[in-house]
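**Student:** Please see the structure below; I have some questions.
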Amino acid sequence: MDINNFIKELEEEFEEVEANSLKPETSFRDLPEWSSMHALIVIALVDIQYDVLLTGNDLRSCETISDLFTLIKKKR
């Protein structure tokens, strides 16, 4: 599990996000494209790709993509 691959997967899921624009320190909730629908997409992506079930509270506890990645690794 590599953060760069995780970021690429996120960029592929969000059509509005340009390739290579996300970084580990990006605050994903501050992205103009971010919505509750995107939160559900992230939860589904993580469940399918990493077999980790995230909750809304899990997402709210994370500020950056790196925080989210660290949480996923802990829950694996």
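Quick note on naming: the chains in the structure tokens go A, B, ... in the order shown, residues restart at 1 in each chain, and ligands are numbered from 1 in order of appearance.
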So that I can see what lies close to segment 9-21 of chain A, please list as a PyMOL selection string the residues with an atom at most 10 Å from it, counting only C-alpha atoms and leaving out residues fewer than 3 positions away in the same chain.
**Tutor:** chain A and resi 3-6+26+31-34+38+41-42+45-46+49+65
**Student:** Output N, CA and C atoms for every residue in the selection just made, as a PDB file, in the first residue's frame.
**Tutor:**
```pdb
ATOM      1  N   ILE A   3       1.101   5.536  -0.712  1.00  0.00           N
ATOM      2  CA  ILE A   3       0.286   6.758  -0.733  1.00  0.00           C
ATOM      3  C   ILE A   3       0.171   7.343  -2.137  1.00  0.00           C
ATOM      4  N   ASN A   4       1.204   7.208  -2.951  1.00  0.00           N
ATOM      5  CA  ASN A   4       1.132   7.749  -4.311  1.00  0.00           C
ATOM      6  C   ASN A   4       0.089   7.011  -5.145  1.00  0.00           C
ATOM      7  N   ASN A   5      -0.006   5.697  -4.977  1.00  0.00           N
ATOM      8  CA  ASN A   5      -1.047   4.936  -5.674  1.00  0.00           C
ATOM      9  C   ASN A   5      -2.431   5.319  -5.160  1.00  0.00           C
ATOM     10  N   PHE A   6      -2.536   5.527  -3.853  1.00  0.00           N
ATOM     11  CA  PHE A   6      -3.804   5.942  -3.260  1.00  0.00           C
ATOM     12  C   PHE A   6      -4.249   7.287  -3.838  1.00  0.00           C
ATOM     13  N   THR A  26      -2.595  17.675   0.944  1.00  0.00           N
ATOM     14  CA  THR A  26      -3.824  18.315   0.474  1.00  0.00           C
ATOM     15  C   THR A  26      -4.955  18.069   1.466  1.00  0.00           C
ATOM     16  N   LEU A  31     -11.202  21.029  -0.992  1.00  0.00           N
ATOM     17  CA  LEU A  31     -11.255  21.066  -2.453  1.00  0.00           C
ATOM     18  C   LEU A  31     -12.608  21.614  -2.892  1.00  0.00           C
ATOM     19  N   PRO A  32     -12.628  22.494  -3.897  1.00  0.00           N
ATOM     20  CA  PRO A  32     -13.907  23.042  -4.362  1.00  0.00           C
ATOM     21  C   PRO A  32     -14.885  21.954  -4.818  1.00  0.00           C
ATOM     22  N   GLU A  33     -14.354  20.835  -5.281  1.00  0.00           N
ATOM     23  CA  GLU A  33     -15.179  19.748  -5.791  1.00  0.00           C
ATOM     24  C   GLU A  33     -15.780  18.888  -4.683  1.00  0.00           C
ATOM     25  N   TRP A  34     -15.279  19.018  -3.445  1.00  0.00           N
ATOM     26  CA  TRP A  34     -15.670  18.118  -2.360  1.00  0.00           C
ATOM     27  C   TRP A  34     -17.141  18.296  -2.006  1.00  0.00           C
ATOM     28  N   HIS A  38     -18.858  12.925  -2.739  1.00  0.00           N
ATOM     29  CA  HIS A  38     -17.451  12.526  -2.804  1.00  0.00           C
ATOM     30  C   HIS A  38     -17.049  11.731  -1.559  1.00  0.00           C
ATOM     31  N   ILE A  41     -18.122   8.294  -2.180  1.00  0.00           N
ATOM     32  CA  ILE A  41     -17.239   7.677  -3.177  1.00  0.00           C
ATOM     33  C   ILE A  41     -15.946   7.221  -2.514  1.00  0.00           C
ATOM     34  N   VAL A  42     -15.380   8.047  -1.642  1.00  0.00           N
ATOM     35  CA  VAL A  42     -14.142   7.679  -0.942  1.00  0.00           C
ATOM     36  C   VAL A  42     -14.386   6.459  -0.059  1.00  0.00           C
ATOM     37  N   LEU A  45     -14.600   3.477  -2.365  1.00  0.00           N
ATOM     38  CA  LEU A  45     -13.282   3.181  -2.935  1.00  0.00           C
ATOM     39  C   LEU A  45     -12.413   2.439  -1.927  1.00  0.00           C
ATOM     40  N   VAL A  46     -12.375   2.933  -0.713  1.00  0.00           N
ATOM     41  CA  VAL A  46     -11.541   2.327   0.328  1.00  0.00           C
ATOM     42  C   VAL A  46     -12.050   0.924   0.665  1.00  0.00           C
ATOM     43  N   GLN A  49     -11.127  -1.264  -2.657  1.00  0.00           N
ATOM     44  CA  GLN A  49      -9.699  -1.407  -2.957  1.00  0.00           C
ATOM     45  C   GLN A  49      -8.882  -1.949  -1.784  1.00  0.00           C
ATOM     46  N   ILE A  65      -5.055  14.165   2.944  1.00  0.00           N
ATOM     47  CA  ILE A  65      -5.002  12.855   2.300  1.00  0.00           C
ATOM     48  C   ILE A  65      -4.065  11.937   3.073  1.00  0.00           C
TER      49      ILE A  65
END
```
**Student:** So, with only C-alpha atoms as the atoms that count, which of A:Lys8, A:Asn57, A:Ser66, A:Ala44 lies closest to Pro24 of chain A?
**Tutor:** A:Ser66
**Student:** From chain A, collect each residue whose DSSP state is alpha helix (DSSP H) and return the set as a ChimeraX atom specification.
**Tutor:** /A:3-13,36-50,56-60,65-75
**Student:** Include N, CA and C atoms and write out the residues we just selected as a compact mmCIF listing (two decimals), in the first residue's frame.
**Tutor:**
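Output (out_22.txt):
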```
# COMPACT_ATOMS: atom_id res chain seq x y z
N ILE A 3 1.10 5.54 -0.71
CA ILE A 3 0.29 6.76 -0.73
C ILE A 3 0.17 7.34 -2.14
N ASN A 4 1.20 7.21 -2.95
CA ASN A 4 1.13 7.75 -4.31
C ASN A 4 0.09 7.01 -5.14
N ASN A 5 -0.01 5.70 -4.98
CA ASN A 5 -1.05 4.94 -5.67
C ASN A 5 -2.43 5.32 -5.16
N PHE A 6 -2.54 5.53 -3.85
CA PHE A 6 -3.80 5.94 -3.26
C PHE A 6 -4.25 7.29 -3.84
N ILE A 7 -3.32 8.21 -3.96
CA ILE A 7 -3.63 9.53 -4.52
C ILE A 7 -4.09 9.39 -5.97
N LYS A 8 -3.43 8.56 -6.75
CA LYS A 8 -3.84 8.35 -8.15
C LYS A 8 -5.25 7.78 -8.22
N GLU A 9 -5.57 6.86 -7.33
CA GLU A 9 -6.92 6.30 -7.30
C GLU A 9 -7.95 7.38 -6.98
N LEU A 10 -7.63 8.26 -6.05
CA LEU A 10 -8.54 9.37 -5.73
C LEU A 10 -8.72 10.28 -6.94
N GLU A 11 -7.63 10.61 -7.60
CA GLU A 11 -7.70 11.49 -8.78
C GLU A 11 -8.55 10.87 -9.89
N GLU A 12 -8.47 9.55 -10.04
CA GLU A 12 -9.27 8.87 -11.05
C GLU A 12 -10.75 8.90 -10.71
N GLU A 13 -11.07 8.84 -9.44
CA GLU A 13 -12.47 8.86 -9.01
C GLU A 13 -13.11 10.24 -9.16
N SER A 36 -20.72 15.79 -0.15
CA SER A 36 -21.08 14.56 0.56
C SER A 36 -21.05 13.37 -0.39
N MET A 37 -21.33 13.59 -1.66
CA MET A 37 -21.25 12.51 -2.64
C MET A 37 -19.81 12.01 -2.76
N HIS A 38 -18.86 12.92 -2.74
CA HIS A 38 -17.45 12.53 -2.80
C HIS A 38 -17.05 11.73 -1.56
N ALA A 39 -17.61 12.09 -0.42
CA ALA A 39 -17.32 11.33 0.80
C ALA A 39 -17.78 9.89 0.64
N LEU A 40 -18.96 9.69 0.07
CA LEU A 40 -19.46 8.34 -0.16
C LEU A 40 -18.60 7.59 -1.16
N ILE A 41 -18.12 8.29 -2.18
CA ILE A 41 -17.24 7.68 -3.18
C ILE A 41 -15.95 7.22 -2.51
N VAL A 42 -15.38 8.05 -1.64
CA VAL A 42 -14.14 7.68 -0.94
C VAL A 42 -14.39 6.46 -0.06
N ILE A 43 -15.49 6.44 0.67
CA ILE A 43 -15.81 5.30 1.53
C ILE A 43 -15.92 4.03 0.69
N ALA A 44 -16.60 4.10 -0.46
CA ALA A 44 -16.74 2.93 -1.33
C ALA A 44 -15.40 2.51 -1.92
N LEU A 45 -14.60 3.48 -2.37
CA LEU A 45 -13.28 3.18 -2.93
C LEU A 45 -12.41 2.44 -1.93
N VAL A 46 -12.38 2.93 -0.71
CA VAL A 46 -11.54 2.33 0.33
C VAL A 46 -12.05 0.92 0.66
N ASP A 47 -13.36 0.76 0.70
CA ASP A 47 -13.93 -0.56 0.98
C ASP A 47 -13.55 -1.56 -0.12
N ILE A 48 -13.69 -1.15 -1.37
CA ILE A 48 -13.42 -2.05 -2.50
C ILE A 48 -11.93 -2.32 -2.67
N GLN A 49 -11.13 -1.26 -2.66
CA GLN A 49 -9.70 -1.41 -2.96
C GLN A 49 -8.88 -1.95 -1.78
N TYR A 50 -9.28 -1.59 -0.56
CA TYR A 50 -8.45 -1.91 0.60
C TYR A 50 -9.15 -2.78 1.64
N GLY A 56 -18.43 7.92 8.43
CA GLY A 56 -18.43 9.37 8.29
C GLY A 56 -17.55 10.02 9.35
N ASN A 57 -17.59 9.48 10.56
CA ASN A 57 -16.74 10.02 11.63
C ASN A 57 -15.26 9.83 11.31
N ASP A 58 -14.92 8.70 10.68
CA ASP A 58 -13.53 8.48 10.26
C ASP A 58 -13.10 9.59 9.31
N LEU A 59 -13.93 9.88 8.32
CA LEU A 59 -13.58 10.93 7.36
C LEU A 59 -13.46 12.29 8.04
N ARG A 60 -14.39 12.56 8.95
CA ARG A 60 -14.35 13.86 9.65
C ARG A 60 -13.11 13.99 10.53
N ILE A 65 -5.06 14.16 2.94
CA ILE A 65 -5.00 12.85 2.30
C ILE A 65 -4.07 11.94 3.07
N SER A 66 -2.99 12.47 3.58
CA SER A 66 -2.05 11.68 4.38
C SER A 66 -2.73 11.15 5.64
N ASP A 67 -3.53 11.97 6.30
CA ASP A 67 -4.28 11.52 7.49
C ASP A 67 -5.19 10.36 7.12
N LEU A 68 -5.88 10.49 6.01
CA LEU A 68 -6.80 9.45 5.55
C LEU A 68 -6.04 8.16 5.24
N PHE A 69 -4.92 8.29 4.56
CA PHE A 69 -4.10 7.14 4.21
C PHE A 69 -3.60 6.43 5.47
N THR A 70 -3.16 7.19 6.45
CA THR A 70 -2.68 6.62 7.72
C THR A 70 -3.80 5.87 8.43
N LEU A 71 -4.98 6.44 8.43
CA LEU A 71 -6.13 5.79 9.06
C LEU A 71 -6.45 4.46 8.37
N ILE A 72 -6.42 4.45 7.06
CA ILE A 72 -6.69 3.22 6.31
C ILE A 72 -5.66 2.15 6.67
N LYS A 73 -4.40 2.54 6.73
CA LYS A 73 -3.35 1.57 7.09
C LYS A 73 -3.57 1.01 8.49
N LYS A 74 -3.99 1.85 9.43
CA LYS A 74 -4.24 1.39 10.80
C LYS A 74 -5.40 0.41 10.87
N LYS A 75 -6.41 0.62 10.02
CA LYS A 75 -7.61 -0.21 10.06
C LYS A 75 -7.45 -1.51 9.28
```
**Student:** Could you please determine the separation between atom CA of Phe28 of chain A and atom CA of Glu63 of chain A in Å, to one decimal place?
**Tutor:** 7.0 Å
